[in-house]
$ cat structure32.txt   # compact mmCIF, C-alpha atoms
# COMPACT_ATOMS: atom_id res chain seq x y z
CA MET E 1 -51.10 -34.28 102.69
CA ALA E 2 -48.57 -36.71 101.24
CA ALA E 3 -44.89 -35.97 101.71
CA ARG E 4 -42.85 -35.54 98.54
CA ILE E 5 -39.18 -35.95 97.81
CA SER E 6 -37.32 -34.97 94.66
CA LEU E 7 -34.41 -37.22 93.74
CA MET E 8 -31.79 -35.80 91.44
CA ALA E 9 -29.08 -37.58 89.46
CA SER E 10 -26.40 -36.47 91.95
CA SER E 11 -27.19 -39.32 94.39
CA LYS E 12 -24.07 -40.80 95.96
CA ASN E 13 -25.68 -44.09 97.00
CA ASN E 14 -23.49 -47.08 96.39
CA PRO E 15 -25.30 -50.46 96.51
CA GLU E 16 -22.11 -52.14 97.76
CA THR E 17 -21.83 -49.90 100.83
CA THR E 18 -25.43 -48.98 101.68
CA THR E 19 -28.13 -50.98 103.41
CA PRO E 20 -30.76 -52.26 100.94
CA TYR E 21 -33.94 -50.23 101.12
CA THR E 22 -37.43 -50.99 99.83
CA VAL E 23 -39.79 -48.08 99.43
CA ASP E 24 -43.13 -48.11 101.25
CA GLN E 25 -45.82 -49.87 99.18
CA ASN E 26 -48.10 -46.81 99.42
CA VAL E 27 -45.69 -44.49 97.58
CA ARG E 28 -47.15 -43.18 94.31
CA ILE E 29 -45.64 -41.18 91.45
CA GLY E 30 -47.05 -37.67 91.78
CA HIS E 31 -46.34 -36.25 88.35
CA VAL E 32 -44.06 -36.39 85.34
CA HIS E 33 -42.53 -33.62 83.21
CA LEU E 34 -42.21 -34.30 79.49
CA LYS E 35 -39.89 -32.33 77.24
CA VAL E 36 -41.74 -31.79 73.96
CA ALA E 37 -40.79 -30.20 70.65
CA ASP E 38 -44.18 -28.59 70.00
CA LEU E 39 -46.22 -27.53 73.02
CA ASP E 40 -49.46 -26.92 71.11
CA ARG E 41 -49.31 -30.32 69.40
CA ALA E 42 -48.69 -32.08 72.72
CA LEU E 43 -51.50 -30.07 74.33
CA ARG E 44 -53.90 -31.10 71.56
CA PHE E 45 -53.21 -34.72 72.45
CA TYR E 46 -53.06 -34.68 76.25
CA SER E 47 -55.87 -32.16 76.75
CA GLY E 48 -57.84 -32.26 73.51
CA VAL E 49 -57.87 -36.04 73.07
CA LEU E 50 -57.21 -37.55 76.50
CA GLY E 51 -59.16 -34.82 78.28
CA LEU E 52 -56.62 -33.80 80.92
CA GLU E 53 -57.44 -30.35 82.27
CA VAL E 54 -55.02 -27.43 81.98
CA THR E 55 -54.27 -26.24 85.52
CA GLN E 56 -51.57 -23.72 84.68
CA ARG E 57 -49.77 -22.36 81.65
CA TYR E 58 -46.38 -20.64 81.61
CA GLY E 59 -46.49 -18.59 78.41
CA ASP E 60 -45.32 -20.54 75.38
CA GLY E 61 -42.94 -22.70 77.44
CA ALA E 62 -44.96 -25.02 79.67
CA VAL E 63 -48.41 -26.37 80.50
CA PHE E 64 -49.48 -28.31 83.58
CA LEU E 65 -52.28 -30.87 83.14
CA SER E 66 -54.38 -32.72 85.68
CA ALA E 67 -57.17 -35.18 86.26
CA GLY E 68 -59.44 -34.60 89.21
CA GLY E 69 -58.03 -31.29 90.41
CA TYR E 70 -54.47 -32.30 91.37
CA HIS E 71 -52.01 -29.45 90.68
CA HIS E 72 -50.56 -31.48 87.81
CA HIS E 73 -50.05 -35.06 86.82
CA ILE E 74 -48.30 -34.26 83.55
CA ALA E 75 -46.28 -31.17 82.71
CA LEU E 76 -45.34 -30.46 79.11
CA ASN E 77 -42.46 -28.09 78.45
CA THR E 78 -40.22 -26.89 75.64
CA TRP E 79 -37.54 -25.37 77.88
CA GLU E 80 -34.75 -27.49 76.37
CA SER E 81 -36.58 -29.18 73.52
CA LEU E 82 -38.39 -26.58 71.36
CA GLY E 83 -38.35 -27.79 67.76
CA GLY E 84 -36.31 -30.85 68.71
CA SER E 85 -36.51 -34.23 67.07
CA PRO E 86 -37.31 -37.56 68.74
CA PRO E 87 -34.35 -39.32 70.35
CA ALA E 88 -32.46 -41.71 68.12
CA PRO E 89 -32.79 -45.45 68.73
CA GLY E 90 -30.31 -46.66 71.33
CA THR E 91 -30.32 -43.41 73.34
CA THR E 92 -31.57 -42.81 76.86
CA GLY E 93 -34.88 -41.24 77.75
CA LEU E 94 -38.35 -42.09 78.98
CA TYR E 95 -39.46 -45.33 77.35
CA HIS E 96 -42.85 -45.88 78.92
CA THR E 97 -45.37 -44.34 81.24
CA ALA E 98 -48.91 -45.39 81.98
CA ILE E 99 -52.12 -43.47 82.44
CA VAL E 100 -54.32 -45.74 84.54
CA TYR E 101 -58.03 -45.43 83.86
CA PRO E 102 -60.49 -46.46 86.57
CA THR E 103 -62.54 -48.85 84.38
CA ARG E 104 -62.27 -50.59 81.05
CA SER E 105 -65.17 -48.53 79.68
CA VAL E 106 -63.40 -45.25 80.52
CA LEU E 107 -60.21 -46.62 78.93
CA ALA E 108 -62.18 -47.68 75.84
CA ALA E 109 -63.64 -44.18 75.50
CA ALA E 110 -60.15 -42.65 75.66
CA LEU E 111 -58.77 -45.12 73.11
CA ARG E 112 -61.70 -44.41 70.81
CA ARG E 113 -60.85 -40.68 70.93
CA VAL E 114 -57.23 -41.51 70.03
CA TRP E 115 -58.36 -43.76 67.16
CA LEU E 116 -60.92 -41.27 65.78
CA ARG E 117 -58.27 -38.54 65.64
CA LYS E 118 -55.83 -40.92 63.93
CA PHE E 119 -53.07 -40.53 66.51
CA PRO E 120 -50.50 -43.33 66.31
CA CYS E 121 -51.04 -45.67 69.23
CA LYS E 122 -48.55 -48.06 70.76
CA ALA E 123 -50.43 -48.48 74.03
CA ARG E 124 -50.73 -51.82 75.74
CA PRO E 125 -52.93 -52.45 78.74
CA THR E 126 -51.08 -53.36 81.91
CA THR E 127 -53.10 -56.57 82.14
CA GLY E 128 -50.89 -58.11 79.47
CA SER E 129 -53.71 -58.61 76.97
CA ALA E 130 -53.49 -57.74 73.28
CA ASN E 131 -52.84 -54.24 71.95
CA PRO E 132 -56.08 -52.22 72.30
CA CYS E 133 -55.18 -50.02 69.34
CA THR E 134 -55.39 -52.71 66.67
$ encode --input "structure32.txt" --output "structure tokens"
Amino acid sequence: MAARISLMASSKNNPETTTPYTVDQNVRIGHVHLKVADLDRALRFYSGVLGLEVTQRYGDGAVFLSAGGYHHHIALNTWESLGGSPPAPGTTGLYHTAIVYPTRSVLAAALRRVWLRKFPCKARPTTGSANPCT
């Protein structure tokens, strides 16, 4: 089983006084938690459109989603964001995350589901080619 570490904002590392460190190349991001305004709307997209499986639900406050049986790759919660509005331009927050599909045909099927349901799409493949949503 892979070892995990949770890093919080209280880190006291100072680049001027610490030895440079490069993380092992085999480290992977285990999961991400997204604060959402509307849990059911987010669930309709991540589960209903993208097909991630619900692995656990915490009442009306959170849902854990997975691909392939992992405990969760994406968690959606409204603990501090219920009914909230999107962040204003120029503010901090998550700008980008990627869901990596194993083949182009599997990616195409997912993008087709997004397109058929008329979800806005700003996705770009990591290969640097043109926007697959247009």
$ closest_atom_pairs --input "structure32.txt" --of "range 81-100 of chain E" --to "range 33-55 of chain E" --cutoff "6 Å" --atoms "all atoms listed in the file" --output "CSV"
residue,atom,partner,partner_atom,distance
E:Ser81,CA,E:Ala37,CA,5.2
E:Leu82,CA,E:Ala37,CA,4.4
E:Gly83,CA,E:Ala37,CA,4.5
E:Gly84,CA,E:Ala37,CA,4.9
$ atom_distance --input "structure32.txt" --atom1 "CA of Ser105 in chain E" --atom2 "CA of Val32 in chain E"
25.0 Å
$ atom_distance --input "structure32.txt" --atom1 "CA of Asp60 in chain E" --atom2 "CA of Asn77 in chain E"
8.6 Å
$ closest_residue --input "structure32.txt" --among "E:Ile74, E:Ala67, E:Gly30, E:Trp79" --to "Pro102 in chain E" --atoms "all atoms listed in the file"
E:Ala67
$ atom_distance --input "structure32.txt" --atom1 "CA of Val106 in chain E" --atom2 "CA of Ser66 in chain E"
16.3 Å
$ closest_residue --input "structure32.txt" --among "E:Lys118, E:Ala75, E:Leu94, E:Ala108" --to "Val63 in chain E" --atoms "all atoms listed in the file"
E:Ala75
$ closest_residue --input "structure32.txt" --among "E:His73, E:Arg57, E:Pro89, E:Ala109" --to "Arg28 in chain E" --atoms "all atoms listed in the file"
E:His73
$ decode --input "structure32.txt" --residues "range 5-112 of chain E" --atoms "C-alpha atoms" --output "PDB file, in the first residue's frame"
ATOM      1  CA  ILE E   5       1.138  12.413   3.647  1.00  0.00           C
ATOM      2  CA  SER E   6      -1.168  15.370   4.139  1.00  0.00           C
ATOM      3  CA  LEU E   7       0.470  18.775   3.811  1.00  0.00           C
ATOM      4  CA  MET E   8      -1.286  21.703   5.401  1.00  0.00           C
ATOM      5  CA  ALA E   9      -0.756  25.427   4.875  1.00  0.00           C
ATOM      6  CA  SER E  10       1.106  25.730   8.201  1.00  0.00           C
ATOM      7  CA  SER E  11       4.416  24.526   6.695  1.00  0.00           C
ATOM      8  CA  LYS E  12       7.411  26.435   8.047  1.00  0.00           C
ATOM      9  CA  ASN E  13       9.767  25.542   5.190  1.00  0.00           C
ATOM     10  CA  ASN E  14      11.881  28.429   4.053  1.00  0.00           C
ATOM     11  CA  PRO E  15      13.583  27.939   0.647  1.00  0.00           C
ATOM     12  CA  GLU E  16      16.488  30.147   1.771  1.00  0.00           C
ATOM     13  CA  THR E  17      17.332  27.948   4.760  1.00  0.00           C
ATOM     14  CA  THR E  18      16.284  24.436   3.713  1.00  0.00           C
ATOM     15  CA  THR E  19      17.985  21.946   1.443  1.00  0.00           C
ATOM     16  CA  PRO E  20      16.262  21.721  -1.973  1.00  0.00           C
ATOM     17  CA  TYR E  21      14.154  18.603  -2.262  1.00  0.00           C
ATOM     18  CA  THR E  22      12.678  16.893  -5.313  1.00  0.00           C
ATOM     19  CA  VAL E  23       9.832  14.485  -4.734  1.00  0.00           C
ATOM     20  CA  ASP E  24      10.154  10.889  -5.928  1.00  0.00           C
ATOM     21  CA  GLN E  25       9.005  10.521  -9.555  1.00  0.00           C
ATOM     22  CA  ASN E  26       6.552   7.761  -8.573  1.00  0.00           C
ATOM     23  CA  VAL E  27       4.481  10.005  -6.279  1.00  0.00           C
ATOM     24  CA  ARG E  28       0.880  10.394  -7.485  1.00  0.00           C
ATOM     25  CA  ILE E  29      -1.969  12.629  -6.346  1.00  0.00           C
ATOM     26  CA  GLY E  30      -4.391  10.354  -4.504  1.00  0.00           C
ATOM     27  CA  HIS E  31      -7.529  12.471  -4.459  1.00  0.00           C
ATOM     28  CA  VAL E  32      -8.903  15.988  -4.473  1.00  0.00           C
ATOM     29  CA  HIS E  33     -11.724  17.595  -2.476  1.00  0.00           C
ATOM     30  CA  LEU E  34     -13.842  20.179  -4.278  1.00  0.00           C
ATOM     31  CA  LYS E  35     -16.009  22.687  -2.449  1.00  0.00           C
ATOM     32  CA  VAL E  36     -19.230  23.007  -4.434  1.00  0.00           C
ATOM     33  CA  ALA E  37     -22.314  25.187  -4.086  1.00  0.00           C
ATOM     34  CA  ASP E  38     -24.812  22.506  -5.132  1.00  0.00           C
ATOM     35  CA  LEU E  39     -23.951  18.893  -4.316  1.00  0.00           C
ATOM     36  CA  ASP E  40     -26.662  17.345  -6.493  1.00  0.00           C
ATOM     37  CA  ARG E  41     -25.667  19.420  -9.530  1.00  0.00           C
ATOM     38  CA  ALA E  42     -22.001  18.484  -9.099  1.00  0.00           C
ATOM     39  CA  LEU E  43     -22.972  14.827  -8.619  1.00  0.00           C
ATOM     40  CA  ARG E  44     -25.004  14.880 -11.841  1.00  0.00           C
ATOM     41  CA  PHE E  45     -21.861  15.928 -13.682  1.00  0.00           C
ATOM     42  CA  TYR E  46     -19.133  13.848 -12.035  1.00  0.00           C
ATOM     43  CA  SER E  47     -21.226  10.686 -11.639  1.00  0.00           C
ATOM     44  CA  GLY E  48     -24.049  11.075 -14.143  1.00  0.00           C
ATOM     45  CA  VAL E  49     -21.963  12.389 -17.037  1.00  0.00           C
ATOM     46  CA  LEU E  50     -18.365  11.346 -16.364  1.00  0.00           C
ATOM     47  CA  GLY E  51     -19.420   8.050 -14.801  1.00  0.00           C
ATOM     48  CA  LEU E  52     -17.430   8.174 -11.562  1.00  0.00           C
ATOM     49  CA  GLU E  53     -18.917   5.785  -9.016  1.00  0.00           C
ATOM     50  CA  VAL E  54     -20.252   6.972  -5.660  1.00  0.00           C
ATOM     51  CA  THR E  55     -18.273   5.172  -2.958  1.00  0.00           C
ATOM     52  CA  GLN E  56     -19.675   7.000   0.049  1.00  0.00           C
ATOM     53  CA  ARG E  57     -22.155   9.731   0.834  1.00  0.00           C
ATOM     54  CA  TYR E  58     -22.274  11.853   3.985  1.00  0.00           C
ATOM     55  CA  GLY E  59     -25.888  13.030   4.102  1.00  0.00           C
ATOM     56  CA  ASP E  60     -26.453  16.225   2.150  1.00  0.00           C
ATOM     57  CA  GLY E  61     -22.908  17.484   2.787  1.00  0.00           C
ATOM     58  CA  ALA E  62     -20.442  15.317   0.869  1.00  0.00           C
ATOM     59  CA  VAL E  63     -20.021  12.581  -1.725  1.00  0.00           C
ATOM     60  CA  PHE E  64     -16.908  10.538  -2.490  1.00  0.00           C
ATOM     61  CA  LEU E  65     -16.431   9.384  -6.094  1.00  0.00           C
ATOM     62  CA  SER E  66     -14.073   6.844  -7.592  1.00  0.00           C
ATOM     63  CA  ALA E  67     -12.913   5.078 -10.715  1.00  0.00           C
ATOM     64  CA  GLY E  68     -11.865   1.473 -10.406  1.00  0.00           C
ATOM     65  CA  GLY E  69     -12.696   0.909  -6.750  1.00  0.00           C
ATOM     66  CA  TYR E  70     -10.308   3.377  -5.054  1.00  0.00           C
ATOM     67  CA  HIS E  71     -11.891   4.841  -1.888  1.00  0.00           C
ATOM     68  CA  HIS E  72     -12.207   8.188  -3.665  1.00  0.00           C
ATOM     69  CA  HIS E  73     -10.479  10.172  -6.343  1.00  0.00           C
ATOM     70  CA  ILE E  74     -12.791  13.165  -6.079  1.00  0.00           C
ATOM     71  CA  ALA E  75     -14.759  14.315  -3.063  1.00  0.00           C
ATOM     72  CA  LEU E  76     -17.490  16.905  -3.466  1.00  0.00           C
ATOM     73  CA  ASN E  77     -18.613  18.813  -0.386  1.00  0.00           C
ATOM     74  CA  THR E  78     -20.708  21.808   0.615  1.00  0.00           C
ATOM     75  CA  TRP E  79     -19.290  22.131   4.137  1.00  0.00           C
ATOM     76  CA  GLU E  80     -18.178  25.744   3.598  1.00  0.00           C
ATOM     77  CA  SER E  81     -19.679  26.468   0.202  1.00  0.00           C
ATOM     78  CA  LEU E  82     -23.403  25.581   0.157  1.00  0.00           C
ATOM     79  CA  GLY E  83     -25.186  28.035  -2.136  1.00  0.00           C
ATOM     80  CA  GLY E  84     -21.951  29.920  -2.777  1.00  0.00           C
ATOM     81  CA  SER E  85     -21.033  31.678  -5.975  1.00  0.00           C
ATOM     82  CA  PRO E  86     -17.958  31.057  -8.145  1.00  0.00           C
ATOM     83  CA  PRO E  87     -14.811  32.903  -7.067  1.00  0.00           C
ATOM     84  CA  ALA E  88     -14.316  36.312  -8.593  1.00  0.00           C
ATOM     85  CA  PRO E  89     -11.593  36.779 -11.212  1.00  0.00           C
ATOM     86  CA  GLY E  90      -8.238  37.524  -9.619  1.00  0.00           C
ATOM     87  CA  THR E  91      -8.884  35.430  -6.497  1.00  0.00           C
ATOM     88  CA  THR E  92      -7.131  32.275  -5.359  1.00  0.00           C
ATOM     89  CA  GLY E  93      -8.483  28.778  -5.768  1.00  0.00           C
ATOM     90  CA  LEU E  94      -8.095  25.656  -7.859  1.00  0.00           C
ATOM     91  CA  TYR E  95      -7.526  26.677 -11.469  1.00  0.00           C
ATOM     92  CA  HIS E  96      -7.063  23.330 -13.157  1.00  0.00           C
ATOM     93  CA  THR E  97      -7.147  19.624 -12.560  1.00  0.00           C
ATOM     94  CA  ALA E  98      -7.000  16.784 -15.039  1.00  0.00           C
ATOM     95  CA  ILE E  99      -8.853  13.515 -15.303  1.00  0.00           C
ATOM     96  CA  VAL E 100      -6.569  11.272 -17.338  1.00  0.00           C
ATOM     97  CA  TYR E 101      -8.360   8.732 -19.509  1.00  0.00           C
ATOM     98  CA  PRO E 102      -6.502   5.580 -20.565  1.00  0.00           C
ATOM     99  CA  THR E 103      -7.150   5.956 -24.317  1.00  0.00           C
ATOM    100  CA  ARG E 104      -8.327   8.582 -26.755  1.00  0.00           C
ATOM    101  CA  SER E 105     -11.477   6.560 -27.487  1.00  0.00           C
ATOM    102  CA  VAL E 106     -12.445   6.494 -23.795  1.00  0.00           C
ATOM    103  CA  LEU E 107     -11.752  10.238 -23.590  1.00  0.00           C
ATOM    104  CA  ALA E 108     -13.858  10.818 -26.717  1.00  0.00           C
ATOM    105  CA  ALA E 109     -16.769   8.898 -25.179  1.00  0.00           C
ATOM    106  CA  ALA E 110     -16.593  11.040 -22.024  1.00  0.00           C
ATOM    107  CA  LEU E 111     -16.414  14.275 -24.036  1.00  0.00           C
ATOM    108  CA  ARG E 112     -19.378  13.152 -26.123  1.00  0.00           C
TER     109      ARG E 112
END
